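Here's entry_36.tsv, which has TSV, C-alpha atoms and all ligand atoms:
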chain	number	residue	atom	x	y	z
A	1	MET	CA	78.61	140.18	92.46
A	2	THR	CA	80.88	139.58	89.54
A	3	THR	CA	80.67	136.19	88.03
A	4	MET	CA	83.63	135.00	86.09
A	5	ASN	CA	82.29	132.42	83.79
A	6	ARG	CA	84.60	130.07	82.03
A	7	GLY	CA	83.08	131.39	78.84
A	8	ALA	CA	84.28	134.89	79.55
A	9	ALA	CA	87.83	133.77	80.15
A	10	GLY	CA	88.73	133.59	76.50
A	11	SER	CA	88.55	137.37	76.23
A	12	GLY	CA	91.68	137.59	78.35
A	13	ALA	CA	93.73	136.26	75.49
A	14	GLN	CA	92.48	138.84	73.01
A	15	ARG	CA	92.98	141.85	75.21
A	16	ALA	CA	96.43	140.67	76.30
A	17	GLU	CA	99.20	143.21	75.95
A	18	ALA	CA	102.85	142.41	75.65
A	19	GLY	CA	104.62	141.78	78.92
A	20	LEU	CA	104.38	139.42	81.84
A	21	SER	CA	101.66	138.82	84.42
A	22	ILE	CA	102.76	137.23	87.69
A	23	VAL	CA	99.89	135.43	89.38
A	24	VAL	CA	100.23	134.83	93.12
A	25	PRO	CA	97.51	132.93	95.03
A	26	LEU	CA	97.30	133.99	98.66
A	27	PHE	CA	95.66	132.12	101.49
A	28	ASN	CA	96.51	133.44	104.93
A	29	GLU	CA	99.85	134.85	103.83
A	30	ALA	CA	99.67	138.10	105.83
A	31	GLY	CA	102.99	137.35	107.53
A	32	GLY	CA	105.17	137.35	104.44
A	33	LEU	CA	103.25	139.37	101.87
A	34	ALA	CA	105.03	142.71	102.32
A	35	ARG	CA	108.42	141.02	101.98
A	36	LEU	CA	107.30	139.08	98.92
A	37	HIS	CA	105.99	142.29	97.38
A	38	GLU	CA	109.38	143.94	97.84
A	39	ARG	CA	111.19	141.00	96.27
A	40	LEU	CA	108.78	140.97	93.34
A	41	GLY	CA	109.48	144.68	92.90
A	42	GLU	CA	113.20	143.99	92.63
A	43	ALA	CA	112.56	141.20	90.13
A	44	ALA	CA	110.26	143.42	88.05
A	45	ARG	CA	112.79	146.23	87.92
A	46	ALA	CA	115.47	143.80	86.78
A	47	LEU	CA	113.17	142.42	84.06
A	48	GLY	CA	112.37	145.92	82.88
A	49	ALA	CA	116.04	146.82	82.67
A	50	ARG	CA	117.15	143.60	81.02
A	51	HIS	CA	114.30	142.73	78.66
A	52	GLY	CA	112.19	145.90	78.62
A	53	LEU	CA	109.32	143.79	79.97
A	54	ARG	CA	106.28	145.46	81.44
A	55	VAL	CA	105.30	143.47	84.50
A	56	GLU	CA	101.97	143.12	86.22
A	57	VAL	CA	101.33	141.29	89.47
A	58	VAL	CA	97.94	139.72	90.19
A	59	TYR	CA	97.41	138.84	93.84
A	60	VAL	CA	94.48	136.51	94.30
A	61	ASP	CA	93.24	136.47	97.86
A	62	ASP	CA	91.59	133.08	98.21
A	63	GLY	CA	89.25	133.96	101.08
A	64	SER	CA	92.02	134.44	103.65
A	65	ARG	CA	90.96	134.60	107.28
A	66	ASP	CA	93.79	136.89	108.36
A	67	ASP	CA	94.82	140.38	107.20
A	68	THR	CA	96.08	139.27	103.80
A	69	LEU	CA	93.49	141.27	101.87
A	70	ALA	CA	93.95	144.47	103.90
A	71	ILE	CA	97.70	144.26	103.45
A	72	ALA	CA	97.42	143.52	99.73
A	73	ARG	CA	95.07	146.47	99.22
A	74	ALA	CA	97.55	148.84	100.80
A	75	LEU	CA	100.61	147.67	98.85
A	76	PRO	CA	102.19	150.31	96.60
A	77	ALA	CA	102.38	149.77	92.85
A	78	THR	CA	105.78	151.29	92.28
A	79	SER	CA	107.62	148.82	90.09
A	80	PHE	CA	104.74	147.07	88.38
A	81	ASP	CA	101.04	147.28	87.70
A	82	LEU	CA	99.06	145.69	90.46
A	83	GLN	CA	95.75	143.90	90.61
A	84	VAL	CA	94.23	142.54	93.79
A	85	VAL	CA	91.43	140.07	93.22
A	86	SER	CA	89.61	138.88	96.27
A	87	LEU	CA	87.46	135.77	96.02
A	88	SER	CA	84.19	135.54	97.90
A	89	ARG	CA	85.43	132.62	99.99
A	90	ASN	CA	88.20	130.02	100.06
A	91	PHE	CA	87.88	128.13	96.79
A	92	GLY	CA	91.22	126.34	96.86
A	93	LYS	CA	94.50	126.96	95.12
A	94	GLU	CA	93.51	125.67	91.68
A	95	ALA	CA	90.50	128.02	91.59
A	96	ALA	CA	92.71	130.90	92.73
A	97	LEU	CA	95.16	130.15	89.94
A	98	LEU	CA	92.31	130.17	87.42
A	99	ALA	CA	91.05	133.49	88.78
A	100	GLY	CA	94.55	134.89	88.31
A	101	LEU	CA	94.77	133.53	84.78
A	102	ASP	CA	91.39	135.06	83.93
A	103	HIS	CA	92.45	138.48	85.21
A	104	ALA	CA	95.99	138.51	83.84
A	105	ARG	CA	96.28	141.17	81.16
A	106	ARG	CA	99.77	140.68	79.85
A	107	GLY	CA	100.63	138.05	77.31
A	108	ALA	CA	102.85	135.72	79.29
A	109	VAL	CA	101.76	134.40	82.66
A	110	LEU	CA	103.93	133.24	85.54
A	111	PHE	CA	102.44	131.37	88.50
A	112	MET	CA	104.15	131.39	91.86
A	113	ASP	CA	103.21	130.67	95.47
A	114	GLY	CA	102.76	133.49	97.91
A	115	ASP	CA	104.61	131.86	100.80
A	116	GLY	CA	108.14	132.68	99.68
A	117	GLN	CA	108.95	129.09	98.71
A	118	HIS	CA	109.24	130.02	95.06
A	119	PRO	CA	112.22	132.37	94.99
A	120	PRO	CA	111.51	135.58	93.04
A	121	THR	CA	115.19	135.61	92.13
A	122	MET	CA	114.46	132.66	89.83
A	123	ILE	CA	111.99	134.63	87.75
A	124	HIS	CA	114.71	135.97	85.48
A	125	THR	CA	115.89	132.41	84.74
A	126	LEU	CA	112.38	131.40	83.71
A	127	VAL	CA	111.91	134.53	81.62
A	128	GLY	CA	115.29	133.92	79.98
A	129	HIS	CA	114.16	130.47	78.79
A	130	TRP	CA	111.05	132.04	77.34
A	131	LEU	CA	112.48	135.16	75.68
A	132	GLU	CA	115.97	134.02	74.78
A	133	ASP	CA	115.51	130.30	74.11
A	134	GLY	CA	111.94	130.44	72.82
A	135	TYR	CA	110.32	127.97	75.22
A	136	ASP	CA	106.56	128.16	75.80
A	137	VAL	CA	106.21	126.34	79.09
A	138	VAL	CA	109.02	126.74	81.59
A	139	TYR	CA	108.24	124.62	84.63
A	140	THR	CA	110.21	124.09	87.77
A	141	ALA	CA	110.75	120.88	89.64
A	142	LYS	CA	112.18	120.18	93.04
A	143	ALA	CA	115.79	119.18	92.61
A	144	HIS	CA	115.33	116.43	95.19
A	145	ARG	CA	112.88	115.28	97.81
A	146	ASP	CA	115.36	114.40	100.51
A	147	ALA	CA	113.50	116.37	103.13
A	148	GLU	CA	110.33	114.38	102.65
A	149	SER	CA	109.37	111.16	104.34
A	150	LEU	CA	109.60	107.81	102.58
A	151	LEU	CA	105.83	107.44	102.80
A	152	ARG	CA	105.29	110.73	101.01
A	153	ARG	CA	107.85	109.99	98.32
A	154	THR	CA	106.33	106.56	97.65
A	155	GLY	CA	102.89	108.12	97.46
A	156	VAL	CA	104.06	110.73	94.96
A	157	ARG	CA	105.72	108.08	92.81
A	158	ALA	CA	102.59	105.90	92.81
A	159	PHE	CA	100.46	108.90	91.94
A	160	TYR	CA	102.50	109.83	88.88
A	161	THR	CA	102.83	106.24	87.72
A	162	LEU	CA	99.07	105.88	87.73
A	163	LEU	CA	98.52	109.34	86.25
A	164	ASN	CA	100.88	108.73	83.35
A	165	TRP	CA	99.84	105.18	82.70
A	166	GLY	CA	99.08	104.96	79.01
A	167	ALA	CA	99.14	108.74	78.62
A	168	ARG	CA	100.54	110.16	75.42
A	169	GLN	CA	101.78	113.33	77.06
A	170	LYS	CA	103.44	112.36	80.32
A	171	ILE	CA	103.09	114.78	83.18
A	172	PRO	CA	106.56	115.32	84.55
A	173	GLU	CA	107.07	113.99	88.04
A	174	ASP	CA	107.94	116.55	90.72
A	175	ALA	CA	106.88	119.50	88.60
A	176	GLY	CA	105.60	122.28	90.82
A	177	ASP	CA	103.16	125.10	90.31
A	178	PHE	CA	105.99	127.60	89.81
A	179	ARG	CA	105.90	127.97	86.05
A	180	LEU	CA	105.89	130.42	83.17
A	181	LEU	CA	103.65	130.23	80.13
A	182	SER	CA	104.38	132.12	76.94
A	183	PRO	CA	101.50	134.14	75.45
A	184	ARG	CA	100.42	131.33	73.15
A	185	ALA	CA	100.66	128.71	75.89
A	186	ALA	CA	98.62	130.94	78.22
A	187	ALA	CA	96.05	131.44	75.47
A	188	ALA	CA	95.88	127.66	75.00
A	189	LEU	CA	95.37	127.12	78.72
A	190	ARG	CA	92.54	129.65	78.71
A	191	GLN	CA	90.77	127.70	76.01
A	192	LEU	CA	90.41	124.56	78.08
A	193	PRO	CA	86.81	124.49	79.22
A	194	GLU	CA	86.86	122.17	82.22
A	195	ARG	CA	85.97	123.32	85.69
A	196	ASN	CA	87.83	120.63	87.56
A	197	ARG	CA	91.28	121.96	87.01
A	198	PHE	CA	94.62	120.40	87.61
A	199	PHE	CA	97.04	123.04	86.40
A	200	LYS	CA	100.17	120.93	86.46
A	201	GLY	CA	98.55	118.41	84.18
A	202	LEU	CA	96.87	120.90	81.91
A	203	SER	CA	99.95	123.00	81.27
A	204	SER	CA	101.82	119.87	80.31
A	205	TRP	CA	98.93	118.58	78.20
A	206	ILE	CA	98.81	121.66	75.95
A	207	GLY	CA	102.20	120.78	74.52
A	208	PHE	CA	104.41	123.39	72.79
A	209	ARG	CA	108.09	123.64	73.67
A	210	GLN	CA	108.50	122.76	77.33
A	211	ILE	CA	111.57	122.88	79.52
A	212	ARG	CA	112.28	121.80	83.06
A	213	VAL	CA	114.28	123.88	85.50
A	214	ASP	CA	115.42	122.35	88.76
A	215	TYR	CA	115.25	124.41	91.87
A	216	GLU	CA	115.60	124.16	95.58
A	217	PRO	CA	112.36	125.27	97.23
A	218	ALA	CA	113.00	127.70	100.04
A	219	ARG	CA	111.54	127.05	103.45
A	220	ARG	CA	108.19	128.57	104.12
A	221	ASP	CA	108.62	132.15	105.38
A	222	HIS	CA	105.97	131.79	108.03
A	223	GLY	CA	102.96	129.70	108.93
A	224	ASN	CA	102.37	126.14	107.83
A	225	SER	CA	101.69	124.46	104.55
A	226	SER	CA	97.97	124.03	104.08
A	227	TRP	CA	98.55	120.59	102.62
A	228	GLY	CA	98.37	117.87	105.20
A	229	TYR	CA	98.29	114.24	104.14
A	230	ARG	CA	94.52	114.35	103.85
A	231	ALA	CA	94.55	117.35	101.54
A	232	LEU	CA	97.28	115.75	99.46
A	233	VAL	CA	95.31	112.53	99.06
A	234	GLY	CA	92.32	114.67	98.08
A	235	LEU	CA	94.36	116.55	95.50
A	236	SER	CA	95.72	113.30	94.12
A	237	ILE	CA	92.25	111.85	93.65
A	238	GLU	CA	91.17	115.13	92.10
A	239	GLY	CA	94.15	115.16	89.75
A	240	LEU	CA	93.78	111.52	88.79
A	241	THR	CA	90.08	111.54	88.11
A	242	SER	CA	90.02	114.87	86.34
A	243	PHE	CA	92.97	113.96	84.23
A	244	SER	CA	93.17	110.31	83.39
A	245	VAL	CA	91.04	107.23	83.13
A	246	ALA	CA	93.85	105.09	84.54
A	247	PRO	CA	91.86	104.12	87.68
A	248	LEU	CA	89.04	102.81	85.49
A	249	ARG	CA	91.52	100.82	83.43
A	250	LEU	CA	93.01	99.49	86.61
A	251	ALA	CA	89.51	98.32	87.57
A	252	SER	CA	89.11	96.44	84.30
A	253	LEU	CA	92.56	94.93	84.64
A	254	LEU	CA	91.92	93.82	88.21
A	255	GLY	CA	88.61	92.30	87.16
A	256	LEU	CA	90.36	90.42	84.40
A	257	LEU	CA	93.07	89.17	86.75
A	258	LEU	CA	90.56	88.01	89.34
A	259	ALA	CA	88.47	86.25	86.70
A	260	ALA	CA	91.57	84.52	85.34
A	261	GLY	CA	92.56	83.53	88.87
A	262	ALA	CA	89.11	82.14	89.52
A	263	LEU	CA	89.24	80.15	86.29
A	264	VAL	CA	92.58	78.60	87.16
A	265	PHE	CA	91.41	77.85	90.70
A	266	GLY	CA	88.16	76.34	89.40
A	267	GLY	CA	90.06	74.20	86.92
A	268	TRP	CA	92.38	73.04	89.66
A	269	ILE	CA	89.40	71.95	91.83
A	270	VAL	CA	87.95	69.93	88.97
A	271	VAL	CA	91.31	68.23	88.38
A	272	GLU	CA	91.75	67.64	92.09
A	273	THR	CA	88.31	66.00	92.42
A	274	LEU	CA	88.34	63.94	89.23
A	275	VAL	CA	91.98	62.97	88.85
A	276	PHE	CA	93.30	62.87	92.38
A	277	ASN	CA	89.98	61.97	93.95
A	278	GLY	CA	90.65	64.55	96.61
A	279	SER	CA	87.93	66.07	98.70
A	280	VAL	CA	87.19	69.70	97.93
A	281	PRO	CA	88.23	71.85	100.90
A	282	GLY	CA	85.48	73.54	102.83
A	283	TYR	CA	84.16	77.03	102.91
A	284	PRO	CA	87.12	79.14	104.18
A	285	SER	CA	88.44	79.57	100.66
A	286	VAL	CA	84.97	80.51	99.45
A	287	VAL	CA	84.59	83.12	102.18
A	288	VAL	CA	88.02	84.62	101.44
A	289	GLY	CA	87.18	84.73	97.75
A	290	LEU	CA	83.87	86.44	98.46
A	291	MET	CA	85.52	89.02	100.67
A	292	VAL	CA	88.21	89.82	98.12
A	293	LEU	CA	85.61	90.16	95.38
A	294	GLY	CA	83.28	92.23	97.52
A	295	GLY	CA	86.10	94.57	98.55
A	296	VAL	CA	87.41	95.03	95.06
A	297	GLN	CA	83.92	95.68	93.73
A	298	LEU	CA	83.17	98.27	96.38
A	299	ILE	CA	86.46	100.09	95.74
A	300	MET	CA	85.79	100.14	92.04
A	301	ILE	CA	82.25	101.39	92.51
A	302	GLY	CA	83.83	104.22	94.49
A	303	VAL	CA	86.23	104.93	91.63
A	304	VAL	CA	83.39	105.00	89.12
A	305	GLY	CA	81.49	107.25	91.54
A	306	GLU	CA	84.39	109.74	91.53
A	307	TYR	CA	84.06	110.04	87.78
A	308	ILE	CA	80.29	110.41	87.96
A	309	GLY	CA	80.82	113.18	90.51
A	310	LYS	CA	83.18	114.90	88.08
A	311	ILE	CA	80.62	114.61	85.29
A	312	LEU	CA	77.96	116.05	87.59
A	313	SER	CA	80.06	119.03	88.58
A	314	GLU	CA	81.03	119.73	84.96
A	315	LEU	CA	77.39	119.41	83.98
A	316	LYS	CA	76.16	121.83	86.62
A	317	GLY	CA	78.43	124.35	85.01
A	318	ARG	CA	78.88	126.48	88.09
A	319	PRO	CA	81.46	129.24	88.00
A	320	VAL	CA	84.73	128.09	89.53
A	321	TYR	CA	84.90	131.17	91.79
A	322	PHE	CA	83.24	134.46	92.58
A	323	VAL	CA	85.08	137.74	92.83
A	324	ALA	CA	84.06	139.81	95.83
A	325	GLU	CA	86.44	142.67	95.30
A	326	HIS	CA	88.82	143.74	92.60
A	327	CYS	CA	91.13	146.71	92.65
A	328	GLU	CA	93.98	147.71	90.41
A	329	ARG	CA	96.68	150.29	90.27
A	330	SER	CA	99.07	150.99	87.47
A	331	ALA	CA	102.72	151.62	88.06
A	332	ALA	CA	102.35	155.08	86.54
A	333	GLY	CA	100.56	156.08	89.72
A	334	SER	CA	97.05	156.53	88.39
A	335	GLU	CA	94.98	154.75	90.93
A	336	ALA	CA	91.74	153.15	89.95
A	337	ALA	CA	89.21	153.01	92.74
A	338	PRO	CA	88.56	149.55	94.07
A	339	THR	CA	85.47	148.07	92.57
A	340	ARG	CA	83.61	146.57	95.48
A	341	THR	CA	81.32	144.30	93.70
A	342	ALA	CA	79.99	142.50	96.73
A	343	ALA	CA	78.12	145.29	98.49
A	344	GLU	CA	76.28	146.62	95.49
A	401	LIG	N1	96.72	128.61	98.63
A	401	LIG	C1	95.51	129.13	98.16
A	401	LIG	N2	94.35	128.56	98.57
A	401	LIG	C2	94.30	127.49	99.41
A	401	LIG	C3	95.53	126.96	99.87
A	401	LIG	C4	96.72	127.54	99.45
A	401	LIG	O1	95.50	130.09	97.40
A	401	LIG	O2	93.21	127.04	99.74
A	401	LIG	C5	98.00	129.24	98.20
A	401	LIG	C6	98.93	129.61	99.33
A	401	LIG	O3	98.68	130.90	99.80
A	401	LIG	C7	100.27	129.54	98.65
A	401	LIG	C8	100.09	128.43	97.64
A	401	LIG	O4	98.68	128.30	97.44
A	401	LIG	O5	100.58	130.74	97.98
A	401	LIG	C9	100.71	127.12	98.10
A	401	LIG	O6	100.19	126.77	99.36
A	401	LIG	P1	101.05	125.98	100.43
A	401	LIG	O7	102.32	126.67	100.68
A	401	LIG	O8	100.13	125.75	101.57
A	401	LIG	O9	101.32	124.62	99.67
A	401	LIG	P2	102.70	123.83	99.49
A	401	LIG	O10	103.80	124.84	99.25
A	401	LIG	O11	102.92	123.07	100.72
A	401	LIG	O12	102.46	122.98	98.29
A	402	MG	MG	104.24	126.41	100.09

Could you write out this structure as structure tokens?
Amino acid sequence: MTTMNRGAAGSGAQRAEAGLSIVVPLFNEAGGLARLHERLGEAARALGARHGLRVEVVYVDDGSRDDTLAIARALPATSFDLQVVSLSRNFGKEAALLAGLDHARRGAVLFMDGDGQHPPTMIHTLVGHWLEDGYDVVYTAKAHRDAESLLRRTGVRAFYTLLNWGARQKIPEDAGDFRLLSPRAAAALRQLPERNRFFKGLSSWIGFRQIRVDYEPARRDHGNSSWGYRALVGLSIEGLTSFSVAPLRLASLLGLLLAAGALVFGGWIVVETLVFNGSVPGYPSVVVGLMVLGGVQLIMIGVVGEYIGKILSELKGRPVYFVAEHCERSAAGSEAAPTRTAAE
């Protein structure tokens, strides 16, 4: 079984050739893959004609349970070089993106979803910003979120406010995973050693010249988004704790506020007893205070626990993914046999 260690990833940058690698994570995308492949072919031919770019597509099958892998294996490599990387199980989108980044051989890297929501026709716009205007990170953002519920929009806003709180490099709100990295930006991204990855944050954090492009996400071709509310909350916690210490600061701030409140309240009781000769009210206020304190403390222990969990998983140093199968074909027609690493 091939192990892609984070340590080995750096070699990708050195062996990079000129051109563009398009990384597409696939999880149960059998329904739309052939169509996407066609559209990518059109985009690649246009790029070749316009910019003389040599394009490679890296499909990362993230342990799909349908025919995605079989379909991907059989796709022709007519307009671009093709790599199909199949992970040993479902590791999640961020891991799939990392696997794609590790395998990408061309200098620049473009990430896009495999469900047709990121229109391949936009690729030439992104490439134009890179080649003609000299930008290093070209990221896309949803033009608007009108289709989403108020609850979801509020949640997203709260997430980014917390994420960017006190941060020097703000992560742009609404930025999606559809983005292009120039060779030096891709090389920078490869150098980041962490295992808990949050690509949106990391590609903003590396700096360089960044530009935002608004776009209208298409509807999903088929199937359903794999992100329900639960998964989104999970991703938010993941993003927050792997990226910022804002929740810990919030804990300190809350502690400070509560302590200040208690001080004022305590002072008021003293004044009430001594000056106004009032009788101190009974235990309800004490019980409420205890419950508030207990709740806040438990939540904050949970927050600290999230960070300790992160430290543990970084410390264990496990590979982010395993590759079960890897095959590649070059556009010239010379077909390399699939390397089935799992069975050997
Ligand atoms: N994806 C993946 N692994 C997963 C879940 C999703 O590789 O565990 C891929 C999926 O195939 C798609 C992309 O990530 O190409 C985005 O997934 P989805 O459309 O479900 O997310 P959304 O567009 O709702 O953010
Ligand atoms: Mg989608």

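The interatomic distance for the pair atom CA of Glu306 of chain A and atom CA of Arg168 of chain A works out to 22.8 Å.
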
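In this model, the gap between atom CA of Arg209 of chain A and atom CA of Asp102 of chain A comes to 22.7 Å.
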
Protein and nucleic residues near ligand LIG 401 (chain A), 9 Å, all atoms listed in the file, as a PyMOL selection string: chain A and resi 24-29+60-64+90-97+112-118+176-177+217+220+223-228+232

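When the distance limit is 7 Å and all atoms listed in the file are what count, the residues near Ile211 of chain A, minus those fewer than 3 positions from it on the same chain, are A:Tyr135, A:Val137, A:Val138, A:Tyr139.
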
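Near Asp133 of chain A, within 12 Å and counting only C-alpha atoms, sit A:Thr125, A:Leu126, A:Val127, A:Ser182, A:Arg209, A:Gln210, A:Ile211; same-chain residues fewer than 6 positions away were not included.
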
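Using only C-alpha atoms, the shortest contact distance between Asn196 of chain A and any of A:Gln83, A:Ser252, A:Ser313, A:Thr161 is found at A:Ser313.
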
Length of the atom CA of Tyr321 of chain A to atom CA of Leu87 of chain A vector [Å]: 6.8 Å
